[in-house]
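K.L.:
One file is attached below, data-v5.cif, containing mmCIF, C-alpha atoms, pLDDT in the B column; chains and numbers go by the auth columns.
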data_upload
#
loop_
_atom_site.group_PDB
_atom_site.id
_atom_site.type_symbol
_atom_site.label_atom_id
_atom_site.label_comp_id
_atom_site.label_asym_id
_atom_site.label_seq_id
_atom_site.Cartn_x
_atom_site.Cartn_y
_atom_site.Cartn_z
_atom_site.B_iso_or_equiv
_atom_site.auth_seq_id
_atom_site.auth_asym_id
ATOM 1 C CA MET A 1 -5.520 -24.528 14.799 87.00 1 N
ATOM 2 C CA GLN A 2 -5.327 -25.033 11.042 84.00 2 N
ATOM 3 C CA ASN A 3 -6.341 -21.403 10.409 87.00 3 N
ATOM 4 C CA LEU A 4 -3.490 -20.215 12.612 84.00 4 N
ATOM 5 C CA ILE A 5 -1.001 -22.557 10.908 87.00 5 N
ATOM 6 C CA SER A 6 -2.098 -21.248 7.504 85.00 6 N
ATOM 7 C CA SER A 7 -1.697 -17.665 8.704 81.00 7 N
ATOM 8 C CA ASN A 8 1.771 -18.470 9.974 80.00 8 N
ATOM 9 C CA GLU A 9 2.736 -19.972 6.618 81.00 9 N
ATOM 10 C CA GLY A 10 1.679 -16.695 4.966 78.00 10 N
ATOM 11 C CA PHE A 11 3.824 -14.790 7.447 76.00 11 N
ATOM 12 C CA LEU A 12 6.893 -16.894 6.620 76.00 12 N
ATOM 13 C CA GLY A 13 7.017 -15.463 3.101 77.00 13 N
ATOM 14 C CA SER A 14 6.117 -11.886 4.037 77.00 14 N
ATOM 15 C CA SER A 15 8.260 -8.772 4.220 78.00 15 N
ATOM 16 C CA THR A 16 7.564 -8.678 7.964 73.00 16 N
ATOM 17 C CA ASN A 17 9.410 -11.965 8.250 72.00 17 N
ATOM 18 C CA GLU A 18 12.442 -10.287 6.659 74.00 18 N
ATOM 19 C CA VAL A 19 12.267 -7.536 9.297 75.00 19 N
ATOM 20 C CA LEU A 20 12.138 -10.247 11.968 75.00 20 N
ATOM 21 C CA LYS A 21 15.325 -11.789 10.588 78.00 21 N
ATOM 22 C CA SER A 22 16.996 -8.367 10.674 77.00 22 N
ATOM 23 C CA LEU A 23 15.925 -7.789 14.285 73.00 23 N
ATOM 24 C CA ASP A 24 17.210 -11.225 15.200 73.00 24 N
ATOM 25 C CA ALA A 25 20.649 -10.147 14.005 72.00 25 N
ATOM 26 C CA LYS A 26 20.611 -6.567 15.380 79.00 26 N
ATOM 27 C CA GLY A 27 18.412 -6.856 18.480 82.00 27 N
ATOM 28 C CA GLN A 28 15.266 -4.964 19.332 90.00 28 N
ATOM 29 C CA ASN A 29 14.729 -1.256 19.888 92.00 29 N
ATOM 30 C CA PRO A 30 10.997 -0.721 20.544 96.00 30 N
ATOM 31 C CA GLU A 31 9.699 2.851 20.691 96.00 31 N
ATOM 32 C CA ALA A 32 7.288 2.132 23.556 98.00 32 N
ATOM 33 C CA ILE A 33 6.227 -0.377 26.162 98.00 33 N
ATOM 34 C CA ILE A 34 2.475 -0.941 26.141 98.00 34 N
ATOM 35 C CA VAL A 35 0.921 -2.485 29.252 98.00 35 N
ATOM 36 C CA SER A 36 -2.584 -3.424 28.221 98.00 36 N
ATOM 37 C CA CYS A 37 -5.437 -5.808 28.798 97.00 37 N
ATOM 38 C CA SER A 38 -5.508 -9.281 27.281 97.00 38 N
ATOM 39 C CA ASP A 39 -8.914 -8.498 25.742 97.00 39 N
ATOM 40 C CA SER A 40 -8.733 -9.588 22.097 95.00 40 N
ATOM 41 C CA ARG A 41 -10.578 -6.451 20.994 95.00 41 N
ATOM 42 C CA VAL A 42 -7.788 -4.045 22.006 95.00 42 N
ATOM 43 C CA PRO A 43 -4.526 -5.245 20.431 95.00 43 N
ATOM 44 C CA PRO A 44 -1.935 -2.466 20.845 96.00 44 N
ATOM 45 C CA GLU A 45 -0.200 -3.235 17.541 95.00 45 N
ATOM 46 C CA VAL A 46 -3.476 -2.608 15.697 94.00 46 N
ATOM 47 C CA ILE A 47 -4.628 0.360 17.814 95.00 47 N
ATOM 48 C CA PHE A 48 -1.325 2.184 17.345 96.00 48 N
ATOM 49 C CA GLN A 49 -1.029 1.030 13.702 94.00 49 N
ATOM 50 C CA LYS A 50 2.331 -0.618 14.105 88.00 50 N
ATOM 51 C CA LYS A 51 2.763 -2.657 10.968 79.00 51 N
ATOM 52 C CA SER A 52 6.015 -4.385 11.719 83.00 52 N
ATOM 53 C CA VAL A 53 7.615 -6.453 14.431 86.00 53 N
ATOM 54 C CA GLY A 54 9.941 -4.790 16.901 90.00 54 N
ATOM 55 C CA GLU A 55 8.080 -1.498 17.193 93.00 55 N
ATOM 56 C CA LEU A 56 6.297 -2.128 20.499 97.00 56 N
ATOM 57 C CA PHE A 57 7.188 -4.086 23.630 97.00 57 N
ATOM 58 C CA VAL A 58 3.763 -5.364 24.712 98.00 58 N
ATOM 59 C CA ILE A 59 2.786 -6.799 28.081 98.00 59 N
ATOM 60 C CA ARG A 60 -0.818 -8.014 28.159 98.00 60 N
ATOM 61 C CA THR A 61 -2.644 -9.298 31.215 97.00 61 N
ATOM 62 C CA ALA A 62 -6.315 -9.341 32.138 97.00 62 N
ATOM 63 C CA GLY A 63 -7.184 -5.875 33.418 97.00 63 N
ATOM 64 C CA ASN A 64 -3.673 -4.627 32.537 97.00 64 N
ATOM 65 C CA VAL A 65 -2.603 -5.857 35.978 97.00 65 N
ATOM 66 C CA VAL A 66 1.119 -5.674 36.682 97.00 66 N
ATOM 67 C CA ASP A 67 2.350 -8.556 38.821 96.00 67 N
ATOM 68 C CA ASP A 68 6.021 -9.327 39.540 96.00 68 N
ATOM 69 C CA VAL A 69 6.601 -11.027 36.183 97.00 69 N
ATOM 70 C CA ALA A 70 5.000 -8.177 34.230 98.00 70 N
ATOM 71 C CA LEU A 71 7.035 -5.695 36.298 98.00 71 N
ATOM 72 C CA ALA A 72 10.229 -7.578 35.417 98.00 72 N
ATOM 73 C CA SER A 73 9.274 -7.389 31.725 98.00 73 N
ATOM 74 C CA ILE A 74 8.760 -3.627 31.986 98.00 74 N
ATOM 75 C CA GLU A 75 12.053 -3.223 33.841 98.00 75 N
ATOM 76 C CA TYR A 76 13.816 -5.222 31.120 98.00 76 N
ATOM 77 C CA ALA A 77 12.448 -2.980 28.368 98.00 77 N
ATOM 78 C CA CYS A 78 13.184 0.199 30.351 98.00 78 N
ATOM 79 C CA LEU A 79 16.575 -0.636 31.808 98.00 79 N
ATOM 80 C CA VAL A 80 18.105 -3.044 29.288 97.00 80 N
ATOM 81 C CA LEU A 81 16.496 -2.072 25.982 97.00 81 N
ATOM 82 C CA LYS A 82 16.339 1.627 26.967 98.00 82 N
ATOM 83 C CA THR A 83 12.771 1.971 25.697 98.00 83 N
ATOM 84 C CA PRO A 84 11.845 5.606 26.497 98.00 84 N
ATOM 85 C CA LEU A 85 8.062 5.358 27.017 98.00 85 N
ATOM 86 C CA CYS A 86 5.555 3.154 28.818 98.00 86 N
ATOM 87 C CA ILE A 87 1.822 3.483 28.231 98.00 87 N
ATOM 88 C CA VAL A 88 -0.409 1.758 30.787 98.00 88 N
ATOM 89 C CA MET A 89 -3.591 1.379 28.740 98.00 89 N
ATOM 90 C CA GLY A 90 -6.931 0.367 30.162 98.00 90 N
ATOM 91 C CA HIS A 91 -9.976 0.115 27.915 98.00 91 N
ATOM 92 C CA SER A 92 -13.693 0.766 28.071 98.00 92 N
ATOM 93 C CA LYS A 93 -15.928 -2.134 29.050 97.00 93 N
ATOM 94 C CA CYS A 94 -13.018 -4.009 30.633 98.00 94 N
ATOM 95 C CA GLY A 95 -14.261 -7.382 31.871 97.00 95 N
ATOM 96 C CA ALA A 96 -11.615 -7.684 34.586 98.00 96 N
ATOM 97 C CA VAL A 97 -12.510 -4.306 36.084 98.00 97 N
ATOM 98 C CA GLY A 98 -16.165 -5.234 35.582 97.00 98 N
ATOM 99 C CA GLU A 99 -15.634 -8.405 37.642 97.00 99 N
ATOM 100 C CA ALA A 100 -14.005 -6.379 40.425 97.00 100 N
ATOM 101 C CA LEU A 101 -16.947 -3.979 40.301 97.00 101 N
ATOM 102 C CA ARG A 102 -19.407 -6.908 40.457 96.00 102 N
ATOM 103 C CA CYS A 103 -17.610 -8.332 43.492 97.00 103 N
ATOM 104 C CA PHE A 104 -17.672 -4.905 45.129 96.00 104 N
ATOM 105 C CA ASN A 105 -21.366 -4.263 44.408 94.00 105 N
ATOM 106 C CA GLU A 106 -22.530 -7.747 45.395 95.00 106 N
ATOM 107 C CA ASN A 107 -20.145 -8.075 48.345 93.00 107 N
ATOM 108 C CA ASP A 108 -19.008 -11.284 46.682 94.00 108 N
ATOM 109 C CA GLN A 109 -15.759 -12.978 45.740 93.00 109 N
ATOM 110 C CA ALA A 110 -14.501 -13.986 42.331 94.00 110 N
ATOM 111 C CA PRO A 111 -15.183 -17.650 41.506 93.00 111 N
ATOM 112 C CA THR A 112 -11.590 -18.998 41.428 96.00 112 N
ATOM 113 C CA PRO A 113 -8.382 -18.348 43.394 96.00 113 N
ATOM 114 C CA ALA A 114 -6.659 -16.871 40.339 96.00 114 N
ATOM 115 C CA LEU A 115 -9.583 -14.536 39.611 97.00 115 N
ATOM 116 C CA LYS A 116 -9.609 -13.518 43.282 97.00 116 N
ATOM 117 C CA THR A 117 -5.973 -12.452 42.877 96.00 117 N
ATOM 118 C CA LEU A 118 -6.834 -10.481 39.740 97.00 118 N
ATOM 119 C CA VAL A 119 -9.755 -8.727 41.454 97.00 119 N
ATOM 120 C CA LYS A 120 -7.541 -7.969 44.474 97.00 120 N
ATOM 121 C CA HIS A 121 -5.189 -5.989 42.207 97.00 121 N
ATOM 122 C CA ILE A 122 -8.066 -3.962 40.744 98.00 122 N
ATOM 123 C CA MET A 123 -10.224 -3.487 43.854 98.00 123 N
ATOM 124 C CA PRO A 124 -8.435 -0.354 45.161 98.00 124 N
ATOM 125 C CA ALA A 125 -9.443 1.511 41.993 98.00 125 N
ATOM 126 C CA VAL A 126 -13.034 0.283 42.328 98.00 126 N
ATOM 127 C CA GLU A 127 -13.173 1.363 45.969 97.00 127 N
ATOM 128 C CA LYS A 128 -11.625 4.771 45.242 97.00 128 N
ATOM 129 C CA THR A 129 -14.243 5.540 42.579 97.00 129 N
ATOM 130 C CA LYS A 130 -17.285 4.075 44.362 95.00 130 N
ATOM 131 C CA THR A 131 -19.217 7.371 44.433 93.00 131 N
ATOM 132 C CA SER A 132 -18.714 8.097 40.713 90.00 132 N
ATOM 133 C CA ASP A 133 -21.625 8.324 38.300 92.00 133 N
ATOM 134 C CA ASP A 134 -20.005 6.048 35.713 95.00 134 N
ATOM 135 C CA HIS A 135 -18.318 3.720 38.168 97.00 135 N
ATOM 136 C CA LEU A 136 -16.890 1.303 35.580 97.00 136 N
ATOM 137 C CA ALA A 137 -15.318 4.012 33.411 97.00 137 N
ATOM 138 C CA LYS A 138 -13.902 5.852 36.412 98.00 138 N
ATOM 139 C CA ALA A 139 -12.510 2.621 37.900 98.00 139 N
ATOM 140 C CA ILE A 140 -10.836 1.746 34.574 98.00 140 N
ATOM 141 C CA ALA A 141 -9.105 5.133 34.433 98.00 141 N
ATOM 142 C CA GLU A 142 -8.184 5.017 38.124 98.00 142 N
ATOM 143 C CA HIS A 143 -6.721 1.523 37.728 98.00 143 N
ATOM 144 C CA ALA A 144 -4.483 2.743 34.876 98.00 144 N
ATOM 145 C CA LEU A 145 -3.314 5.630 37.072 98.00 145 N
ATOM 146 C CA ALA A 146 -2.743 3.313 40.039 98.00 146 N
ATOM 147 C CA THR A 147 -0.711 0.956 37.863 97.00 147 N
ATOM 148 C CA LYS A 148 1.405 3.869 36.658 98.00 148 N
ATOM 149 C CA ALA A 149 2.057 4.889 40.290 97.00 149 N
ATOM 150 C CA ALA A 150 2.819 1.290 41.290 97.00 150 N
ATOM 151 C CA LEU A 151 5.528 1.046 38.626 98.00 151 N
ATOM 152 C CA MET A 152 7.290 4.002 40.218 96.00 152 N
ATOM 153 C CA GLU A 153 6.754 2.665 43.735 97.00 153 N
ATOM 154 C CA LYS A 154 7.792 -0.944 43.127 97.00 154 N
ATOM 155 C CA SER A 155 10.822 -0.419 40.896 98.00 155 N
ATOM 156 C CA GLN A 156 13.799 1.687 41.892 98.00 156 N
ATOM 157 C CA GLY A 157 15.214 1.380 38.371 98.00 157 N
ATOM 158 C CA ILE A 158 12.026 2.644 36.746 98.00 158 N
ATOM 159 C CA ARG A 159 11.697 5.448 39.309 98.00 159 N
ATOM 160 C CA GLU A 160 15.288 6.573 38.721 98.00 160 N
ATOM 161 C CA SER A 161 14.782 6.449 34.937 98.00 161 N
ATOM 162 C CA VAL A 162 11.679 8.653 35.240 98.00 162 N
ATOM 163 C CA GLU A 163 13.469 11.060 37.583 98.00 163 N
ATOM 164 C CA SER A 164 16.432 11.334 35.183 98.00 164 N
ATOM 165 C CA GLY A 165 14.104 12.103 32.275 98.00 165 N
ATOM 166 C CA SER A 166 15.133 9.055 30.235 98.00 166 N
ATOM 167 C CA PHE A 167 11.783 7.291 30.736 98.00 167 N
ATOM 168 C CA LYS A 168 8.178 8.428 30.821 98.00 168 N
ATOM 169 C CA ILE A 169 5.069 6.579 32.003 98.00 169 N
ATOM 170 C CA VAL A 170 1.622 7.574 30.743 98.00 170 N
ATOM 171 C CA ALA A 171 -1.770 6.247 31.899 98.00 171 N
ATOM 172 C CA ALA A 172 -4.393 6.026 29.169 98.00 172 N
ATOM 173 C CA VAL A 173 -7.750 4.504 28.284 98.00 173 N
ATOM 174 C CA CYS A 174 -8.785 3.164 24.890 98.00 174 N
ATOM 175 C CA ASP A 175 -12.437 3.628 23.915 97.00 175 N
ATOM 176 C CA MET A 176 -13.381 0.320 22.292 94.00 176 N
ATOM 177 C CA ALA A 177 -16.228 1.918 20.331 94.00 177 N
ATOM 178 C CA THR A 178 -13.913 4.345 18.525 95.00 178 N
ATOM 179 C CA GLY A 179 -10.376 3.042 19.118 94.00 179 N
ATOM 180 C CA LYS A 180 -9.346 6.468 20.458 97.00 180 N
ATOM 181 C CA VAL A 181 -6.668 6.393 23.162 98.00 181 N
ATOM 182 C CA THR A 182 -6.864 9.218 25.687 98.00 182 N
ATOM 183 C CA GLU A 183 -4.329 10.045 28.373 98.00 183 N
ATOM 184 C CA VAL A 184 -5.770 10.153 31.898 98.00 184 N
ATOM 185 C CA SER A 185 -4.380 12.092 34.812 93.00 185 N
#
Written as structure tokens, how would this file's structure read?
P.N.:
Amino acid sequence: MQNLISSNEGFLGSSTNEVLKSLDAKGQNPEAIIVSCSDSRVPPEVIFQKKSVGELFVIRTAGNVVDDVALASIEYACLVLKTPLCIVMGHSKCGAVGEALRCFNENDQAPTPALKTLVKHIMPAVEKTKTSDDHLAKAIAEHALATKAALMEKSQGIRESVESGSFKIVAAVCDMATGKVTEVS
């Protein structure tokens, strides 16, 4: 905890803190929504080299799963903040997709009720890619695509924004070995 407190004290005197004060007065205007995994090795602000606060609206959940609360966050950024782009970004070696794959391969269940819910969200992508050579990589990409489709299906506001051309959703995968983000379709 002390390391984090010390880091925060350094932030308080930084130029980024001045930007934060400005955004507090003016409001936020992020250039993109990033829906990504909670994995500490794939922070969107670092991957996309955003050096200041306010540039990205980031929603992070294990396996970049979009539940009702995450969907509401995306709707807020799209409909209220008028953010023009959403990137649903999976990543190589995703542990959440790996757990779904393990459950699929071993005909097993995840060890806790919450993890069962997580796996349930990812399992359709695992099942759809079951005959693939690189099952994990294909399931990760398919899950990003399925999440993109679910945003359109579950939210009338998002769907109408896409149809009007004011909002775009992109599915992508980040290669953890290189940091390269590639759009999937």
K.L.:
Apply the PyMOL selection byres ((chain N and resi 166-177) around 8) to the structure shown and report the selected residues as a PyMOL selection string.
P.N.:
chain N and resi 41-42+78+83-93+140-141+144-145+148+158+161-165+178-185
K.L.:
Just write the chosen residues, C-alpha atoms, as a compact mmCIF listing (two decimals), keeping the file's coordinate frame.
P.N.:
# COMPACT_ATOMS: atom_id res chain seq x y z
CA ARG N 41 -10.58 -6.45 20.99
CA VAL N 42 -7.79 -4.04 22.01
CA CYS N 78 13.18 0.20 30.35
CA THR N 83 12.77 1.97 25.70
CA PRO N 84 11.84 5.61 26.50
CA LEU N 85 8.06 5.36 27.02
CA CYS N 86 5.56 3.15 28.82
CA ILE N 87 1.82 3.48 28.23
CA VAL N 88 -0.41 1.76 30.79
CA MET N 89 -3.59 1.38 28.74
CA GLY N 90 -6.93 0.37 30.16
CA HIS N 91 -9.98 0.12 27.92
CA SER N 92 -13.69 0.77 28.07
CA LYS N 93 -15.93 -2.13 29.05
CA ILE N 140 -10.84 1.75 34.57
CA ALA N 141 -9.10 5.13 34.43
CA ALA N 144 -4.48 2.74 34.88
CA LEU N 145 -3.31 5.63 37.07
CA LYS N 148 1.40 3.87 36.66
CA ILE N 158 12.03 2.64 36.75
CA SER N 161 14.78 6.45 34.94
CA VAL N 162 11.68 8.65 35.24
CA GLU N 163 13.47 11.06 37.58
CA SER N 164 16.43 11.33 35.18
CA GLY N 165 14.10 12.10 32.28
CA THR N 178 -13.91 4.34 18.52
CA GLY N 179 -10.38 3.04 19.12
CA LYS N 180 -9.35 6.47 20.46
CA VAL N 181 -6.67 6.39 23.16
CA THR N 182 -6.86 9.22 25.69
CA GLU N 183 -4.33 10.04 28.37
CA VAL N 184 -5.77 10.15 31.90
CA SER N 185 -4.38 12.09 34.81
K.L.:
Which one is closest to Ser155 in chain N: N:Ile47, N:Ile122, N:Val66, N:Val19? Count only C-alpha atoms.
P.N.:
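So, comparing all the options, the nearest one is N:Val66.
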K.L.:
Which residue out of N:Leu101, N:Val53, N:Cys94, N:Met152 has the minimum interatomic distance to Ile74 in chain N when all atoms listed in the file are used?
P.N.:
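Result for the nearest residue to Ile74 in chain N: N:Met152.
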K.L.:
Quick one: everything within 6 Å of Ile33 in chain N, counting all atoms listed in the file, minus sequence neighbours fewer than 6 positions away in the same chain. Send it as a list in words.
P.N.:
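So, after excluding close chain neighbours, the residues are Leu56, Phe57, Val58 and Cys86 of chain N.
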K.L.:
If you count only C-alpha atoms, which residues fall within 10 Å of range 109-119 of chain N, apart from same-chain ones fewer than 5 positions away, as an MDAnalysis selection string?
P.N.:
chainID N and resid 61:67 96:104 124 126
K.L.:
For the residues selected in the previous step, produce a file with C-alpha atoms as an mmCIF file, keeping the file's coordinate frame.
P.N.:
data_model
loop_
_atom_site.group_PDB
_atom_site.id
_atom_site.type_symbol
_atom_site.label_atom_id
_atom_site.label_comp_id
_atom_site.auth_asym_id
_atom_site.auth_seq_id
_atom_site.Cartn_x
_atom_site.Cartn_y
_atom_site.Cartn_z
ATOM 1 C CA THR N 61 -2.644 -9.298 31.215
ATOM 2 C CA ALA N 62 -6.315 -9.341 32.138
ATOM 3 C CA GLY N 63 -7.184 -5.875 33.418
ATOM 4 C CA ASN N 64 -3.673 -4.627 32.537
ATOM 5 C CA VAL N 65 -2.603 -5.857 35.978
ATOM 6 C CA VAL N 66 1.119 -5.674 36.682
ATOM 7 C CA ASP N 67 2.350 -8.556 38.821
ATOM 8 C CA ALA N 96 -11.615 -7.684 34.586
ATOM 9 C CA VAL N 97 -12.510 -4.306 36.084
ATOM 10 C CA GLY N 98 -16.165 -5.234 35.582
ATOM 11 C CA GLU N 99 -15.634 -8.405 37.642
ATOM 12 C CA ALA N 100 -14.005 -6.379 40.425
ATOM 13 C CA LEU N 101 -16.947 -3.979 40.301
ATOM 14 C CA ARG N 102 -19.407 -6.908 40.457
ATOM 15 C CA CYS N 103 -17.610 -8.332 43.492
ATOM 16 C CA PHE N 104 -17.672 -4.905 45.129
ATOM 17 C CA PRO N 124 -8.435 -0.354 45.161
ATOM 18 C CA VAL N 126 -13.034 0.283 42.328
#
K.L.:
Given only C-alpha atoms as the basis, pick out the residue of N:Ala77, N:Val69, N:Lys154, N:Thr147 nearest to Ser36 in chain N.
P.N.:
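Closest candidate: N:Thr147.
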K.L.:
Between CA of Lys130 in chain N and CA of His143 in chain N, what is the distance in Å, rounded to a tenth?
P.N.:
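Straight-line distance from CA of Lys130 in chain N to CA of His143 in chain N works out to 12.7 Å.
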K.L.:
Tell me which of N:Gly27, N:Gly95, N:Gly10, N:Gly54 sits closest to Ser40 in chain N, counting all atoms listed in the file.
P.N.:
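Residue with the minimum atom-to-atom distance to Ser40 in chain N: N:Gly95.
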K.L.:
Grab the CA of Lys82 in chain N to CA of Ala25 in chain N distance for me, in Å with one decimal place.
P.N.:
18.0 Å
